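Below: one structure, written as structure tokens.
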Amino acid sequence: MIDQETIDKLIAMRLRTMAEVFRELVDKPATDLTFQEQVGMMVDREWVDRDNRRCTRRIKEAKLPVSASIEEVATDSARGLDKAVVRSLATCAWVRAQQNVIVLGPTGVGKSFLSGALVNAACRSGFRALYVRVPRLVHQLSVARADGSYASELGRLSRFEVLVLDDFLIAPMKDSERRDLLEVLEDRYDHSSTIITSQVPTKNWHEMLADPTIADAICDRLVHNAHVITLRGQSMRRKKGLSSKTKNDTSNN
């Protein structure tokens, strides 16, 4: 009876995992463990369970377009992915130092997968992150300005320790869009980290951004403290598509 009362109280305090471990210890006493070790085991299991749930929430909040982990990233110097660089980025030291990551390369080479894997690692390390395509971001900011929530939306974006801006410069940007992007980056500068994916090399960003003053400001806040990775090789999407087609053709023969 006393044991059940203890379990009920643990559940009422939202210590469900600790309650489960306590029940296990009551049902099958671990005689080889001291009292301190048993309490420690209950606390450890509760801690790990809560940490896993927080991590799951952070990954869901990030809105990643692909499920990717740093362990799945295939390092290959021919593709521009050095093992030492990926291992270093996986530690998230760049996030703690408020540095950026720029991933360049043609469509399909794995830019989104790599950035998603870096976000996954950041979430597992306790950082909040958000993944958004630049065309959608500037549209959302335009809507926010119209409905009076612009400042609130900028504040929300600034609170993410890692912000992925996917498909940067995939299309020419309007003056209002360039200024909105600069506002986002200004709030994040020297305060949090940004991941940029783009098909356009950094040396061409000024030309693509068109406005020299805003281009200088954007590049200054992104490039000078960034880890730049340039991916090369065949489109992974095309490669997978051809592989799938070959398998289907073989199975139909």
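The way I read the labels, and the way they are meant: chains A, B, ... in the order of the structure tokens, residue 1 as the first residue of every chain, and ligand 1 as the first ligand shown, with later ones counted on from there.
Residues lying within 12 Å of range 4-14 of chain A, counting only C-alpha atoms and ignoring same-chain neighbours fewer than 5 positions away, are Ala19, Glu20, Val21, Phe22, Arg23, Glu24, Leu25, Val26, Asp27, Met42, Val43, Glu46, Asp49 and Arg50 of chain A.
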### Message
as a PyMOL selection string, please: every residue in range 123-209 of chain A that a backbone DSSP assignment puts in strand (DSSP E or B).
### Response
chain A and resi 129-133+162-166+193-198
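Shortest separation to Ala90 in chain A among A:Gly233, A:Gly108, A:Pro135, A:Gly116 occurs at residue A:Gly116, atoms counted being only C-alpha atoms.
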Pick out the residues sitting within 12 Å of Asp211 in chain A, and hand them over as an mmCIF file with N, CA and C atoms, in the first residue's frame; count only C-alpha atoms, and ignore anything fewer than 4 positions along from it in its own chain.
data_model
loop_
_atom_site.group_PDB
_atom_site.id
_atom_site.type_symbol
_atom_site.label_atom_id
_atom_site.label_comp_id
_atom_site.auth_asym_id
_atom_site.auth_seq_id
_atom_site.Cartn_x
_atom_site.Cartn_y
_atom_site.Cartn_z
ATOM 1 N N PRO A 172 16.168 36.016 -57.863
ATOM 2 C CA PRO A 172 16.470 37.401 -57.498
ATOM 3 C C PRO A 172 15.547 37.892 -56.397
ATOM 4 N N MET A 173 16.090 38.700 -55.484
ATOM 5 C CA MET A 173 15.316 39.192 -54.360
ATOM 6 C C MET A 173 14.897 40.639 -54.581
ATOM 7 N N LYS A 174 13.667 40.965 -54.172
ATOM 8 C CA LYS A 174 13.184 42.335 -54.223
ATOM 9 C C LYS A 174 13.862 43.150 -53.126
ATOM 10 N N ASP A 175 13.788 44.470 -53.251
ATOM 11 C CA ASP A 175 14.425 45.335 -52.251
ATOM 12 C C ASP A 175 13.862 45.081 -50.849
ATOM 13 N N SER A 176 12.542 44.930 -50.736
ATOM 14 C CA SER A 176 11.923 44.689 -49.422
ATOM 15 C C SER A 176 12.368 43.345 -48.848
ATOM 16 N N GLU A 177 12.574 42.355 -49.723
ATOM 17 C CA GLU A 177 13.007 41.032 -49.264
ATOM 18 C C GLU A 177 14.449 41.076 -48.771
ATOM 19 N N ARG A 178 15.302 41.817 -49.473
ATOM 20 C CA ARG A 178 16.697 41.963 -49.031
ATOM 21 C C ARG A 178 16.753 42.638 -47.661
ATOM 22 N N ARG A 179 15.931 43.663 -47.479
ATOM 23 C CA ARG A 179 15.923 44.394 -46.211
ATOM 24 C C ARG A 179 15.368 43.523 -45.076
ATOM 25 N N LEU A 182 18.066 41.128 -44.089
ATOM 26 C CA LEU A 182 19.087 41.824 -43.310
ATOM 27 C C LEU A 182 18.628 42.015 -41.867
ATOM 28 N N TRP A 205 27.629 36.526 -54.537
ATOM 29 C CA TRP A 205 26.483 36.996 -53.761
ATOM 30 C C TRP A 205 26.227 38.486 -53.957
ATOM 31 N N HIS A 206 27.293 39.285 -53.997
ATOM 32 C CA HIS A 206 27.119 40.724 -54.191
ATOM 33 C C HIS A 206 26.357 41.010 -55.474
ATOM 34 N N GLU A 207 26.772 40.354 -56.535
ATOM 35 C CA GLU A 207 26.124 40.569 -57.829
ATOM 36 C C GLU A 207 24.658 40.156 -57.794
ATOM 37 N N ALA A 215 24.085 44.302 -49.789
ATOM 38 C CA ALA A 215 24.901 43.110 -50.059
ATOM 39 C C ALA A 215 26.088 43.065 -49.118
ATOM 40 N N ASP A 216 26.752 44.209 -48.920
ATOM 41 C CA ASP A 216 27.880 44.277 -47.990
ATOM 42 C C ASP A 216 27.443 43.888 -46.583
ATOM 43 N N ALA A 217 26.298 44.422 -46.162
ATOM 44 C CA ALA A 217 25.815 44.173 -44.799
ATOM 45 C C ALA A 217 25.450 42.704 -44.607
ATOM 46 N N ILE A 218 24.780 42.113 -45.585
ATOM 47 C CA ILE A 218 24.381 40.700 -45.490
ATOM 48 C C ILE A 218 25.606 39.798 -45.481
ATOM 49 N N CYS A 219 26.514 40.031 -46.420
ATOM 50 C CA CYS A 219 27.714 39.181 -46.512
ATOM 51 C C CYS A 219 28.587 39.319 -45.272
#
### Message
Using only C-alpha atoms, can you tell me which of A:Leu231, A:Ala171, A:Ala68, A:Ala122 comes closest to Gly80 in chain A?
### Response
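The shortest atom-to-atom distance to Gly80 in chain A comes from A:Leu231.
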### Task
List the neighbours of range 60-66 of chain A out to 9 Å using only C-alpha atoms; skip same-chain residues closer than 3 positions along the sequence, and give me the result as a PyMOL selection string.
chain A and resi 55-57+112-113+116-117+119-120+123+128-132+163
For the selection just defined, write its residues with N, CA and C atoms to a file, as a PDB file, in the first residue's frame.
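Writing done, so here's part_24.pdb:
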ATOM      1  N   CYS A  55      14.600  16.517 -26.595  1.00  0.00           N
ATOM      2  CA  CYS A  55      15.280  16.432 -27.888  1.00  0.00           C
ATOM      3  C   CYS A  55      14.273  16.177 -29.005  1.00  0.00           C
ATOM      4  N   THR A  56      13.340  15.272 -28.763  1.00  0.00           N
ATOM      5  CA  THR A  56      12.304  14.970 -29.756  1.00  0.00           C
ATOM      6  C   THR A  56      11.488  16.218 -30.073  1.00  0.00           C
ATOM      7  N   ARG A  57      11.138  16.989 -29.045  1.00  0.00           N
ATOM      8  CA  ARG A  57      10.371  18.225 -29.255  1.00  0.00           C
ATOM      9  C   ARG A  57      11.174  19.237 -30.059  1.00  0.00           C
ATOM     10  N   SER A 112      20.808  20.079 -48.383  1.00  0.00           N
ATOM     11  CA  SER A 112      19.732  20.027 -47.386  1.00  0.00           C
ATOM     12  C   SER A 112      19.954  18.894 -46.393  1.00  0.00           C
ATOM     13  N   PHE A 113      20.475  17.765 -46.875  1.00  0.00           N
ATOM     14  CA  PHE A 113      20.722  16.630 -45.990  1.00  0.00           C
ATOM     15  C   PHE A 113      21.793  16.978 -44.969  1.00  0.00           C
ATOM     16  N   GLY A 116      20.465  19.489 -42.517  1.00  0.00           N
ATOM     17  CA  GLY A 116      19.533  18.810 -41.619  1.00  0.00           C
ATOM     18  C   GLY A 116      20.256  17.984 -40.571  1.00  0.00           C
ATOM     19  N   ALA A 117      21.344  17.341 -40.971  1.00  0.00           N
ATOM     20  CA  ALA A 117      22.135  16.545 -40.033  1.00  0.00           C
ATOM     21  C   ALA A 117      22.786  17.439 -38.979  1.00  0.00           C
ATOM     22  N   VAL A 119      21.578  20.314 -37.946  1.00  0.00           N
ATOM     23  CA  VAL A 119      20.488  20.747 -37.069  1.00  0.00           C
ATOM     24  C   VAL A 119      20.138  19.635 -36.082  1.00  0.00           C
ATOM     25  N   ASN A 120      20.085  18.409 -36.575  1.00  0.00           N
ATOM     26  CA  ASN A 120      19.801  17.262 -35.708  1.00  0.00           C
ATOM     27  C   ASN A 120      20.820  17.189 -34.572  1.00  0.00           C
ATOM     28  N   CYS A 123      20.153  19.980 -32.075  1.00  0.00           N
ATOM     29  CA  CYS A 123      18.998  19.684 -31.217  1.00  0.00           C
ATOM     30  C   CYS A 123      19.369  18.675 -30.134  1.00  0.00           C
ATOM     31  N   ARG A 128      17.896  25.055 -29.720  1.00  0.00           N
ATOM     32  CA  ARG A 128      16.672  25.191 -30.511  1.00  0.00           C
ATOM     33  C   ARG A 128      17.044  25.593 -31.931  1.00  0.00           C
ATOM     34  N   ALA A 129      16.323  25.033 -32.904  1.00  0.00           N
ATOM     35  CA  ALA A 129      16.648  25.302 -34.300  1.00  0.00           C
ATOM     36  C   ALA A 129      15.377  25.410 -35.130  1.00  0.00           C
ATOM     37  N   LEU A 130      15.516  26.049 -36.291  1.00  0.00           N
ATOM     38  CA  LEU A 130      14.400  26.160 -37.236  1.00  0.00           C
ATOM     39  C   LEU A 130      14.952  26.103 -38.647  1.00  0.00           C
ATOM     40  N   TYR A 131      14.249  25.363 -39.488  1.00  0.00           N
ATOM     41  CA  TYR A 131      14.640  25.195 -40.889  1.00  0.00           C
ATOM     42  C   TYR A 131      13.590  25.883 -41.758  1.00  0.00           C
ATOM     43  N   VAL A 132      14.020  26.799 -42.622  1.00  0.00           N
ATOM     44  CA  VAL A 132      13.065  27.498 -43.484  1.00  0.00           C
ATOM     45  C   VAL A 132      13.723  27.854 -44.814  1.00  0.00           C
ATOM     46  N   LEU A 163      19.459  28.787 -37.108  1.00  0.00           N
ATOM     47  CA  LEU A 163      18.450  29.050 -38.129  1.00  0.00           C
ATOM     48  C   LEU A 163      19.013  28.637 -39.483  1.00  0.00           C
TER      49      LEU A 163
END
### Task
Identify, with DSSP run on backbone atoms, the residues in range 32-197 of chain A assigned to alpha helix (DSSP H), and express the list as a count of residues only.
91
### Query
In Å to one decimal, how far is CA of Ser193 in chain A from CA of Gln98 in chain A?
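About the pair CA of Gln98 in chain A and CA of Ser193 in chain A: they are 4.9 Å apart.
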### Task
Would you mind reading off the distance between CA of Asn100 in chain A and CA of Ser142 in chain A, one decimal, in Å?
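Calculated distance between CA of Asn100 in chain A and CA of Ser142 in chain A is 25.0 Å.
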### Task
Measure the distance from CA of Leu104 in chain A to CA of Leu169 in chain A in Å and round it to one decimal.
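These atoms are spaced 11.4 Å apart.
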#### Entry: Nearest-residue call for Thr197 in chain A, choices A:Val86, A:Leu181, A:Ala121, A:Ile102, using only C-alpha atoms
A:Ile102
